[in-house]
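A.B. asks: Structure file protein-v5.cif (mmCIF, C-alpha atoms) right here:
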data_final
#
loop_
_atom_site.label_atom_id
_atom_site.label_comp_id
_atom_site.auth_asym_id
_atom_site.auth_seq_id
_atom_site.Cartn_x
_atom_site.Cartn_y
_atom_site.Cartn_z
CA MET A 780 125.59 128.21 28.94
CA LYS A 781 127.69 127.88 32.09
CA PRO A 782 130.49 130.39 32.65
CA THR A 783 134.05 129.05 32.60
CA ILE A 784 136.70 130.18 35.06
CA THR A 785 140.40 129.32 35.12
CA ALA A 786 142.35 127.98 38.09
CA PHE A 787 145.77 126.44 38.78
CA ALA A 788 146.05 122.74 37.83
CA GLN A 789 148.46 122.53 40.79
CA SER A 790 147.80 125.28 43.30
CA PRO A 791 150.90 126.37 45.26
CA ASP A 792 148.83 126.20 48.47
CA GLU A 793 147.97 122.51 47.93
CA GLY A 794 144.25 122.89 48.58
CA GLN A 795 144.10 125.58 51.28
CA GLY A 796 141.90 127.61 48.94
CA LEU A 797 144.10 130.72 49.01
CA ALA A 798 144.46 131.06 45.23
CA ARG A 799 142.33 133.73 43.61
CA ASP A 800 139.91 131.36 41.92
CA MET A 801 138.49 130.66 45.41
CA PRO A 802 136.60 133.99 45.87
CA VAL A 803 135.14 133.58 42.36
CA ARG A 804 134.00 130.03 43.13
CA TRP A 805 132.53 131.30 46.42
CA ALA A 806 130.64 134.12 44.68
CA LEU A 807 129.24 131.72 42.07
CA GLU A 808 128.11 129.37 44.85
CA GLU A 809 126.48 132.24 46.79
CA VAL A 810 124.34 133.18 43.80
CA GLY A 811 123.74 129.57 42.76
CA LEU A 812 125.38 129.76 39.34
CA PRO A 813 126.90 126.49 38.06
CA TYR A 814 130.29 126.91 36.37
CA GLU A 815 133.02 125.07 34.53
CA VAL A 816 136.70 125.22 35.45
CA ARG A 817 139.60 125.11 33.01
CA LEU A 818 142.75 124.07 34.86
CA LEU A 819 146.03 125.59 33.73
CA SER A 820 149.61 124.46 34.28
CA PHE A 821 152.15 127.17 35.18
CA SER A 822 153.56 127.03 31.64
CA ALA A 823 150.07 127.45 30.14
CA LEU A 824 149.74 130.76 32.01
CA LYS A 825 152.47 132.23 29.80
CA GLN A 826 150.96 131.10 26.48
CA PRO A 827 149.42 133.64 24.06
CA VAL A 828 146.00 131.98 24.29
CA HIS A 829 145.86 132.70 28.03
CA LEU A 830 147.56 136.10 27.84
CA ALA A 831 144.81 137.20 25.44
CA LEU A 832 142.37 136.64 28.33
CA GLN A 833 144.67 137.70 31.19
CA PRO A 834 147.47 140.10 30.14
CA PHE A 835 149.46 139.46 33.37
CA GLY A 836 149.38 135.65 33.00
CA GLN A 837 147.43 135.08 36.20
CA ILE A 838 144.30 133.21 37.23
CA PRO A 839 141.33 133.57 37.47
CA THR A 840 139.59 134.56 34.26
CA TYR A 841 135.86 134.43 33.56
CA GLU A 842 134.26 133.66 30.21
CA GLU A 843 130.55 133.62 29.49
CA GLY A 844 129.41 133.93 25.87
CA SER A 845 130.92 137.16 24.52
CA LEU A 846 131.99 138.34 27.99
CA SER A 847 135.63 137.83 28.99
CA LEU A 848 136.92 139.22 32.29
CA PHE A 849 139.98 139.09 34.49
CA GLU A 850 140.90 140.22 38.04
CA VAL A 851 139.13 138.61 40.97
CA GLY A 852 137.51 141.92 42.06
CA SER A 853 136.09 142.64 38.63
CA ILE A 854 134.76 139.09 38.24
CA VAL A 855 133.11 139.03 41.67
CA LEU A 856 131.61 142.48 41.04
CA ASN A 857 130.22 141.37 37.68
CA ILE A 858 128.66 138.25 39.22
CA ALA A 859 127.23 140.41 42.03
CA GLU A 860 125.78 142.96 39.60
CA ARG A 861 123.97 140.37 37.49
CA ASN A 862 122.73 138.00 40.22
CA ALA A 863 120.91 138.63 43.50
CA GLY A 864 122.59 137.94 46.85
CA LEU A 865 125.91 139.75 46.93
CA LEU A 866 125.01 143.45 46.77
CA PRO A 867 122.22 145.38 48.54
CA ALA A 868 119.43 146.83 46.39
CA ASP A 869 119.63 150.31 47.95
CA PRO A 870 122.03 152.38 45.77
CA ASP A 871 123.91 153.96 48.71
CA ALA A 872 124.38 150.61 50.48
CA ARG A 873 125.39 148.99 47.19
CA ALA A 874 128.07 151.62 46.63
CA ARG A 875 129.36 151.17 50.21
CA ALA A 876 129.62 147.39 49.68
CA ILE A 877 131.75 148.12 46.62
CA SER A 878 133.94 150.39 48.79
CA TRP A 879 134.57 147.35 51.00
CA MET A 880 135.42 145.22 47.95
CA PHE A 881 138.18 147.67 47.02
CA ALA A 882 139.27 148.00 50.66
CA ALA A 883 139.68 144.22 50.90
CA LEU A 884 141.70 143.89 47.69
CA THR A 885 143.88 146.98 48.11
CA THR A 886 144.14 148.43 51.63
CA MET A 887 143.96 145.05 53.41
CA ASP A 888 145.42 142.70 50.81
CA ALA A 889 148.62 144.67 50.13
CA PRO A 890 150.17 144.29 53.63
CA VAL A 891 148.66 140.82 54.20
CA PHE A 892 150.06 139.47 50.93
CA ASP A 893 153.50 141.03 51.56
CA TYR A 894 153.58 139.57 55.06
CA ASP A 895 152.56 136.12 53.88
CA LEU A 896 155.12 136.17 51.08
CA ALA A 897 157.94 137.25 53.41
CA LEU A 898 157.08 134.40 55.80
CA PHE A 899 157.88 131.95 53.01
CA LEU A 900 160.48 133.69 50.87
CA ASP A 901 162.66 135.65 53.29
CA ARG A 902 163.00 133.21 56.21
CA ASP A 903 166.69 132.51 55.55
CA GLN A 904 167.66 136.14 55.07
CA PRO A 905 169.82 137.75 57.77
CA TRP A 906 167.31 140.62 58.10
CA TYR A 907 164.26 138.35 58.34
CA GLU A 908 163.31 139.14 61.95
CA HIS A 909 163.55 142.87 61.42
CA ARG A 910 161.48 142.80 58.23
CA ILE A 911 158.80 140.44 59.48
CA LYS A 912 158.27 142.63 62.55
CA SER A 913 157.77 145.71 60.42
CA LEU A 914 155.30 143.86 58.16
CA GLU A 915 153.47 142.50 61.20
CA GLU A 916 153.03 146.01 62.54
CA MET A 917 151.45 147.15 59.27
CA VAL A 918 149.09 144.15 59.25
CA ARG A 919 148.16 144.86 62.90
CA LYS A 920 147.43 148.47 62.04
CA ARG A 921 144.95 147.38 59.37
CA LEU A 922 143.41 144.67 61.56
CA GLY A 923 143.01 147.18 64.40
CA SER A 924 141.12 149.55 62.10
CA LEU A 925 138.95 146.72 60.81
CA ALA A 926 138.21 145.42 64.33
CA ALA A 927 137.20 148.91 65.48
CA HIS A 928 134.84 149.27 62.54
CA LEU A 929 133.38 145.78 62.85
CA GLY A 930 132.65 145.96 66.59
CA ASN A 931 129.88 143.50 67.42
CA SER A 932 128.44 143.37 63.91
CA ASP A 933 128.21 140.15 61.96
CA TRP A 934 129.28 141.76 58.68
CA LEU A 935 131.00 144.93 57.53
CA ASP A 936 127.90 146.91 56.56
CA GLY A 937 124.48 145.36 57.13
CA ALA A 938 123.87 142.03 55.41
CA PHE A 939 126.62 139.77 54.01
CA SER A 940 127.90 141.22 50.72
CA ALA A 941 130.62 140.82 48.11
CA GLY A 942 132.68 143.13 50.38
CA ASP A 943 132.57 140.53 53.15
CA LEU A 944 133.28 137.72 50.70
CA LEU A 945 136.49 139.42 49.56
CA MET A 946 137.54 140.62 53.03
CA VAL A 947 137.19 137.13 54.53
CA SER A 948 139.08 135.72 51.53
CA VAL A 949 141.98 138.13 52.14
CA LEU A 950 142.04 137.58 55.91
CA ARG A 951 142.20 133.79 55.48
CA ARG A 952 145.79 134.25 54.32
CA LEU A 953 146.62 135.13 57.97
CA GLU A 954 145.32 131.83 59.34
CA GLY A 955 148.05 130.02 61.22
CA THR A 956 150.03 133.19 61.99
CA GLY A 957 148.24 133.95 65.27
CA LEU A 958 147.43 137.49 64.13
CA LEU A 959 143.70 136.95 63.62
CA GLU A 960 143.35 135.61 67.18
CA GLU A 961 144.64 138.95 68.54
CA TYR A 962 141.33 140.44 67.34
CA PRO A 963 138.57 138.09 68.55
CA ASN A 964 135.82 139.83 66.61
CA ILE A 965 137.84 139.45 63.39
CA ALA A 966 138.57 135.78 64.10
CA ALA A 967 134.83 135.25 64.64
CA TYR A 968 134.07 137.19 61.45
CA VAL A 969 136.37 134.96 59.39
CA ALA A 970 134.85 131.84 60.99
CA ARG A 971 131.36 133.21 60.20
CA GLY A 972 132.30 133.62 56.55
CA LYS A 973 133.83 130.15 56.34
CA SER A 974 130.74 128.56 57.86
CA ARG A 975 128.53 129.69 54.97
CA PRO A 976 127.40 126.69 52.88
CA ALA A 977 128.51 128.44 49.68
CA PHE A 978 132.02 128.84 51.09
CA ARG A 979 132.16 125.14 51.99
CA ARG A 980 131.02 124.09 48.51
CA ALA A 981 133.62 126.34 46.86
CA PHE A 982 136.34 125.16 49.22
CA ASP A 983 135.56 121.51 48.60
CA ALA A 984 135.57 122.03 44.84
CA GLN A 985 139.08 123.53 44.84
CA LEU A 986 140.25 120.89 47.34
CA ALA A 987 139.12 118.14 44.95
CA VAL A 988 141.40 119.66 42.28
CA ALA A 989 144.35 119.69 44.68
CA LYS A 990 143.73 116.08 45.74
CA ALA A 991 143.49 114.93 42.12
CA ALA A 992 146.78 116.74 41.34
CA ALA A 993 148.49 115.13 44.35
CA SER A 994 147.46 111.63 43.29
CA ASP A 995 148.70 112.06 39.72
CA MET B 1216 124.71 170.03 45.70
CA LYS B 1217 128.38 169.53 44.89
CA PRO B 1218 130.07 166.37 46.18
CA THR B 1219 132.80 166.80 48.79
CA ILE B 1220 136.03 164.84 48.74
CA THR B 1221 138.81 164.76 51.35
CA ALA B 1222 142.51 165.30 50.69
CA PHE B 1223 145.69 165.89 52.72
CA ALA B 1224 146.12 169.48 53.94
CA GLN B 1225 149.85 168.82 53.51
CA SER B 1226 150.48 166.07 50.97
CA PRO B 1227 153.67 164.07 51.60
CA ASP B 1228 154.52 164.42 47.89
CA GLU B 1229 154.44 168.24 48.05
CA GLY B 1230 152.29 168.72 44.99
CA GLN B 1231 153.37 165.89 42.66
CA GLY B 1232 149.77 164.68 42.64
CA LEU B 1233 150.57 161.16 43.80
CA ALA B 1234 148.12 161.11 46.73
CA ARG B 1235 144.92 159.21 46.15
CA ASP B 1236 142.66 162.25 45.92
CA MET B 1237 144.27 162.91 42.52
CA PRO B 1238 142.50 160.12 40.55
CA VAL B 1239 139.19 161.22 42.10
CA ARG B 1240 139.79 164.83 41.11
CA TRP B 1241 140.74 163.65 37.61
CA ALA B 1242 137.59 161.54 37.28
CA LEU B 1243 135.41 164.45 38.43
CA GLU B 1244 137.10 166.73 35.89
CA GLU B 1245 136.65 164.15 33.09
CA VAL B 1246 132.89 164.06 33.66
CA GLY B 1247 132.63 167.80 34.34
CA LEU B 1248 131.34 167.55 37.91
CA PRO B 1249 132.29 170.47 40.19
CA TYR B 1250 133.35 169.42 43.70
CA GLU B 1251 134.38 170.70 47.10
CA VAL B 1252 137.50 169.59 48.96
CA ARG B 1253 137.82 169.24 52.72
CA LEU B 1254 141.50 169.30 53.67
CA LEU B 1255 142.59 167.15 56.60
CA SER B 1256 145.69 167.31 58.79
CA PHE B 1257 147.39 164.00 59.63
CA SER B 1258 145.95 164.14 63.14
CA ALA B 1259 142.43 164.74 61.78
CA LEU B 1260 142.70 161.43 59.88
CA LYS B 1261 142.69 159.56 63.21
CA GLN B 1262 139.66 161.35 64.65
CA PRO B 1263 136.32 159.51 65.07
CA VAL B 1264 134.55 161.93 62.73
CA HIS B 1265 136.85 160.89 59.88
CA LEU B 1266 137.06 157.21 60.85
CA ALA B 1267 133.27 157.05 60.57
CA LEU B 1268 133.73 157.90 56.86
CA GLN B 1269 137.02 156.03 56.30
CA PRO B 1270 137.63 153.14 58.74
CA PHE B 1271 141.36 152.96 57.87
CA GLY B 1272 141.99 156.67 58.45
CA GLN B 1273 142.97 157.39 54.86
CA ILE B 1274 142.01 159.86 52.14
CA PRO B 1275 140.05 160.20 49.90
CA THR B 1276 136.41 159.99 50.90
CA TYR B 1277 133.41 161.09 48.82
CA GLU B 1278 130.19 162.55 50.21
CA GLU B 1279 127.17 163.56 48.17
CA GLY B 1280 123.84 163.86 49.94
CA SER B 1281 123.16 160.54 51.64
CA LEU B 1282 126.00 158.80 49.78
CA SER B 1283 129.30 158.31 51.61
CA LEU B 1284 132.12 156.32 50.01
CA PHE B 1285 135.77 155.50 50.56
CA GLU B 1286 138.56 153.83 48.53
CA VAL B 1287 139.74 155.52 45.35
CA GLY B 1288 138.59 152.62 43.13
CA SER B 1289 135.10 152.62 44.54
CA ILE B 1290 134.76 156.40 44.25
CA VAL B 1291 136.02 156.52 40.66
CA LEU B 1292 133.72 153.61 39.73
CA ASN B 1293 130.73 155.33 41.30
CA ILE B 1294 131.46 158.57 39.43
CA ALA B 1295 131.91 156.56 36.20
CA GLU B 1296 128.63 154.69 36.70
CA ARG B 1297 126.57 157.84 37.22
CA ASN B 1298 128.16 160.13 34.64
CA ALA B 1299 129.04 159.66 30.97
CA GLY B 1300 132.64 159.61 29.79
CA LEU B 1301 134.54 157.03 31.84
CA LEU B 1302 132.93 153.68 30.96
CA PRO B 1303 131.79 152.33 27.58
CA ALA B 1304 128.04 151.83 27.05
CA ASP B 1305 128.42 148.25 25.73
CA PRO B 1306 128.06 145.89 28.74
CA ASP B 1307 131.00 143.62 27.79
CA ALA B 1308 133.34 146.56 27.16
CA ARG B 1309 132.14 148.22 30.38
CA ALA B 1310 132.97 145.07 32.37
CA ARG B 1311 136.41 144.85 30.75
CA ALA B 1312 137.14 148.48 31.67
CA ILE B 1313 136.30 147.57 35.27
CA SER B 1314 138.75 144.63 35.01
CA TRP B 1315 141.41 147.20 34.15
CA MET B 1316 140.41 149.36 37.13
CA PHE B 1317 141.06 146.42 39.47
CA ALA B 1318 144.24 145.47 37.57
CA ALA B 1319 145.59 149.00 38.06
CA LEU B 1320 144.83 149.16 41.79
CA THR B 1321 145.86 145.59 42.69
CA THR B 1322 148.13 143.78 40.20
CA MET B 1323 150.03 146.91 39.15
CA ASP B 1324 149.77 149.09 42.25
CA ALA B 1325 150.98 146.49 44.76
CA PRO B 1326 154.56 146.15 43.41
CA VAL B 1327 154.75 149.79 42.26
CA PHE B 1328 153.71 151.12 45.67
CA ASP B 1329 156.04 148.73 47.52
CA TYR B 1330 158.92 149.73 45.25
CA ASP B 1331 158.27 153.43 45.69
CA LEU B 1332 157.95 153.06 49.46
CA ALA B 1333 161.14 151.01 49.74
CA LEU B 1334 163.06 153.68 47.80
CA PHE B 1335 162.19 156.16 50.53
CA LEU B 1336 161.78 154.14 53.71
CA ASP B 1337 164.20 151.23 53.44
CA ARG B 1338 167.31 152.96 52.12
CA ASP B 1339 169.17 152.52 55.43
CA GLN B 1340 167.89 148.99 56.07
CA PRO B 1341 170.18 145.95 55.85
CA TRP B 1342 167.84 144.41 53.29
CA TYR B 1343 167.67 147.47 51.01
CA GLU B 1344 169.76 146.22 48.05
CA HIS B 1345 168.17 142.78 48.09
CA ARG B 1346 164.68 144.16 48.43
CA ILE B 1347 164.95 146.94 45.87
CA LYS B 1348 166.31 144.54 43.24
CA SER B 1349 163.55 142.03 43.82
CA LEU B 1350 160.91 144.77 43.73
CA GLU B 1351 162.38 146.21 40.54
CA GLU B 1352 162.15 142.80 38.89
CA MET B 1353 158.52 142.44 39.95
CA VAL B 1354 157.70 145.94 38.61
CA ARG B 1355 159.48 145.11 35.32
CA LYS B 1356 157.51 141.89 35.03
CA ARG B 1357 154.25 143.81 35.34
CA LEU B 1358 155.39 146.59 32.98
CA GLY B 1359 156.48 143.97 30.43
CA SER B 1360 153.02 142.39 30.51
CA LEU B 1361 151.35 145.77 30.20
CA ALA B 1362 153.59 146.85 27.32
CA ALA B 1363 152.87 143.61 25.44
CA HIS B 1364 149.13 144.13 25.89
CA LEU B 1365 149.19 147.84 24.99
CA GLY B 1366 151.23 147.46 21.79
CA ASN B 1367 150.53 150.44 19.54
CA SER B 1368 147.15 151.25 21.05
CA ASP B 1369 146.43 154.61 22.61
CA TRP B 1370 144.48 153.13 25.55
CA LEU B 1371 144.11 149.75 27.25
CA ASP B 1372 140.84 148.68 25.59
CA GLY B 1373 139.29 150.96 22.99
CA ALA B 1374 138.48 154.50 24.13
CA PHE B 1375 139.91 156.15 27.26
CA SER B 1376 138.18 154.76 30.35
CA ALA B 1377 138.33 154.74 34.13
CA GLY B 1378 140.73 151.79 33.70
CA ASP B 1379 143.21 154.05 31.91
CA LEU B 1380 142.66 156.84 34.41
CA LEU B 1381 143.66 154.55 37.29
CA MET B 1382 146.48 152.77 35.41
CA VAL B 1383 148.12 156.09 34.43
CA SER B 1384 147.67 157.29 38.03
CA VAL B 1385 149.48 154.21 39.37
CA LEU B 1386 152.27 154.35 36.77
CA ARG B 1387 152.98 158.00 37.56
CA ARG B 1388 154.49 156.79 40.84
CA LEU B 1389 157.39 155.38 38.75
CA GLU B 1390 158.27 158.72 37.20
CA GLY B 1391 161.87 159.60 37.94
CA THR B 1392 162.96 155.97 38.46
CA GLY B 1393 163.84 155.35 34.80
CA LEU B 1394 161.64 152.25 34.69
CA LEU B 1395 158.89 153.75 32.51
CA GLU B 1396 161.46 154.76 29.89
CA GLU B 1397 162.45 151.08 29.46
CA TYR B 1398 159.00 150.59 27.86
CA PRO B 1399 158.56 153.41 25.30
CA ASN B 1400 154.90 152.60 24.61
CA ILE B 1401 154.14 152.80 28.34
CA ALA B 1402 156.03 156.09 28.71
CA ALA B 1403 153.99 157.45 25.77
CA TYR B 1404 150.78 156.09 27.34
CA VAL B 1405 151.46 157.90 30.62
CA ALA B 1406 152.28 161.10 28.73
CA ARG B 1407 149.03 160.71 26.76
CA GLY B 1408 147.04 160.46 29.98
CA LYS B 1409 148.77 163.45 31.52
CA SER B 1410 148.09 165.59 28.45
CA ARG B 1411 144.32 165.31 28.89
CA PRO B 1412 142.83 168.68 29.89
CA ALA B 1413 140.94 167.04 32.78
CA PHE B 1414 144.23 165.67 34.16
CA ARG B 1415 145.80 169.12 33.98
CA ARG B 1416 142.89 170.77 35.79
CA ALA B 1417 142.99 168.12 38.53
CA PHE B 1418 146.76 168.37 38.84
CA ASP B 1419 146.67 172.14 39.10
CA ALA B 1420 143.95 172.00 41.77
CA GLN B 1421 146.00 169.72 44.04
CA LEU B 1422 149.15 171.73 43.31
CA ALA B 1423 147.41 174.89 44.50
CA VAL B 1424 146.73 173.15 47.84
CA ALA B 1425 150.41 172.17 48.16
CA LYS B 1426 151.56 175.69 47.32
CA ALA B 1427 149.19 177.23 49.85
CA ALA B 1428 150.45 174.77 52.50
CA ALA B 1429 154.08 175.60 51.70
CA SER B 1430 153.49 179.35 52.05
CA ASP B 1431 151.75 179.00 55.42
#
For the file at hand, write its structure as structure tokens.
C.D. replies:
Amino acid sequence: MKPTITAFAQSPDEGQGLARDMPVRWALEEVGLPYEVRLLSFSALKQPVHLALQPFGQIPTYEEGSLSLFEVGSIVLNIAERNAGLLPADPDARARAISWMFAALTTMDAPVFDYDLALFLDRDQPWYEHRIKSLEEMVRKRLGSLAAHLGNSDWLDGAFSAGDLLMVSVLRRLEGTGLLEEYPNIAAYVARGKSRPAFRRAFDAQLAVAKAAASD
Amino acid sequence: MKPTITAFAQSPDEGQGLARDMPVRWALEEVGLPYEVRLLSFSALKQPVHLALQPFGQIPTYEEGSLSLFEVGSIVLNIAERNAGLLPADPDARARAISWMFAALTTMDAPVFDYDLALFLDRDQPWYEHRIKSLEEMVRKRLGSLAAHLGNSDWLDGAFSAGDLLMVSVLRRLEGTGLLEEYPNIAAYVARGKSRPAFRRAFDAQLAVAKAAASD
């Protein structure tokens, strides 16, 4: 039986693949696991039937037989634990890859998400310039640390892992801001992630949903 | 050989136990694993020897033989995987507990941390009133979802797990703001977590560091 994930029927990003179903789709494509998608309207997110799966009314969720999960990190980790290709076999290296998964979704995502949100929501506020500069500095601080760690390596720690999958997913939110280009090795790292066939398949799948929604 | 974690030599919270070594100490106490602590000054966090362990220059880290980890979520998960007491044995329940770990450190921590930071850092900023109100609403939205899920249960999903350990750790950052008290079942949940003997031992251990620093 194929697993079923949930995604937005109409993603706010209109097909840029920034919603949190995208890393789950990417992980499923990396390990070669076919899946079904249940699309949800914004009002469906608040219904009891969805809240029973996702207490915060978000996407994605993951259902497979008796297993029901939420949170993108938890879903990607579960896929990575049960299928080859996203975590190293060596226990120490596996644990380090999981460190990078948490780093992507907490240490990196927090300032990146705040910055991205302020770009859209606060633009007309009188204090916009001041705030966006302070958020930019925090994002640069994190990118500087990441660039120093990455150096000339292709991936964060040895072979491509679920840590890279989530880090590239988070960094994609900075595309178009010019910040990634300030760190050429990070820009190349994001491009490297996006050039993976599994990424392309996942991206195209979510884009098809956005195109169908636009033509309704 | 005992594992070694890192913590602030002088924690900014002066012994409230809000720094991110606290959940790691608590997890180690829950499973009964003795540990060593290496205290770091703020300048030591930026040194190459620490950045090799923690690329973002943060605490905590975890070293045990050949294993070297960073990120509080990853460390607590690793402790929970290798020792009984923090994750259920049933695979589905285990995966759900990990969903709650990610929910605590991403979905709940992001607005709670931003709110707490703004209370201290943005008070003199022109956007303070606007920002603090919008953050408070976001925190209330998350607390409302959590309260609805928790209901009359003692813990988030069956027995106490690493998910509860991290959720209580995140929620403690709201103590003193009055927000927890708006959701009596959440206030009781936090109190329940804090009354665990392992929490008390961990709290006292970090408090002893703060007291020693203050008397220097």
A.B. asks: Could you tell me which residues the PyMOL selection byres ((chain B) within 6 of (chain A)) returns for this structure, as a list in words?
C.D. replies: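 On the file shown, the PyMOL selection byres ((chain B) within 6 of (chain A)) covers Phe1271, Leu1282, Leu1284, Phe1285, Glu1286, Ser1289, Asp1307, Arg1311, Ile1313, Ser1314, Thr1321 and Ser1360 of chain B.
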A.B. asks: Could you state the separation of CA of Val855 in chain A and CA of Ala941 in chain A in Å, given to one decimal place?
C.D. replies: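 CA of Ala941 in chain A lies at a distance of 7.1 Å from CA of Val855 in chain A.
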A.B. asks: Quick one: of B:Ile1401, B:Ala1304, B:Ala1259, B:Ala1242, who's nearest to Thr1221 in chain B, counting all atoms listed in the file?
C.D. replies: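 Of all the options, B:Ala1259 lies closest to Thr1221 in chain B.
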A.B. asks: Run through the PyMOL selection byres ((chain A and resi 789) around 7) on the given coordinates and return the selected residues as a PyMOL selection string.
C.D. replies: chain A and resi 787-788+790-791+820+989+992
A.B. asks: With all atoms of range 1294-1313 of chain B from the file as input, state the centre and edge lengths in Å to one decimal of the axis-aligned box that has 3 Å extra on each side, as lines of an AutoDock Vina configuration file.
C.D. replies:
center_x = 131.9
center_y = 151.9
center_z = 32.6
size_x = 16.6
size_y = 22.5
size_z = 19.7
A.B. asks: Mind checking which residues fall within 12 Å of Asp1419 in chain B, counting all atoms listed in the file, ignoring those fewer than 2 positions away in the same chain, and posting them as an mmCIF file with C-alpha atoms, in the coordinates of the input?
C.D. replies:
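Writing done, so here's out12.cif:
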data_model
loop_
_atom_site.group_PDB
_atom_site.id
_atom_site.type_symbol
_atom_site.label_atom_id
_atom_site.label_comp_id
_atom_site.auth_asym_id
_atom_site.auth_seq_id
_atom_site.Cartn_x
_atom_site.Cartn_y
_atom_site.Cartn_z
ATOM 1 C CA GLY B 1230 152.290 168.720 44.990
ATOM 2 C CA GLN B 1231 153.370 165.890 42.660
ATOM 3 C CA GLY B 1232 149.770 164.680 42.640
ATOM 4 C CA MET B 1237 144.270 162.910 42.520
ATOM 5 C CA ARG B 1240 139.790 164.830 41.110
ATOM 6 C CA TRP B 1241 140.740 163.650 37.610
ATOM 7 C CA GLU B 1244 137.100 166.730 35.890
ATOM 8 C CA LYS B 1409 148.770 163.450 31.520
ATOM 9 C CA PRO B 1412 142.830 168.680 29.890
ATOM 10 C CA ALA B 1413 140.940 167.040 32.780
ATOM 11 C CA PHE B 1414 144.230 165.670 34.160
ATOM 12 C CA ARG B 1415 145.800 169.120 33.980
ATOM 13 C CA ARG B 1416 142.890 170.770 35.790
ATOM 14 C CA ALA B 1417 142.990 168.120 38.530
ATOM 15 C CA GLN B 1421 146.000 169.720 44.040
ATOM 16 C CA LEU B 1422 149.150 171.730 43.310
ATOM 17 C CA ALA B 1423 147.410 174.890 44.500
ATOM 18 C CA VAL B 1424 146.730 173.150 47.840
ATOM 19 C CA ALA B 1425 150.410 172.170 48.160
ATOM 20 C CA LYS B 1426 151.560 175.690 47.320
#
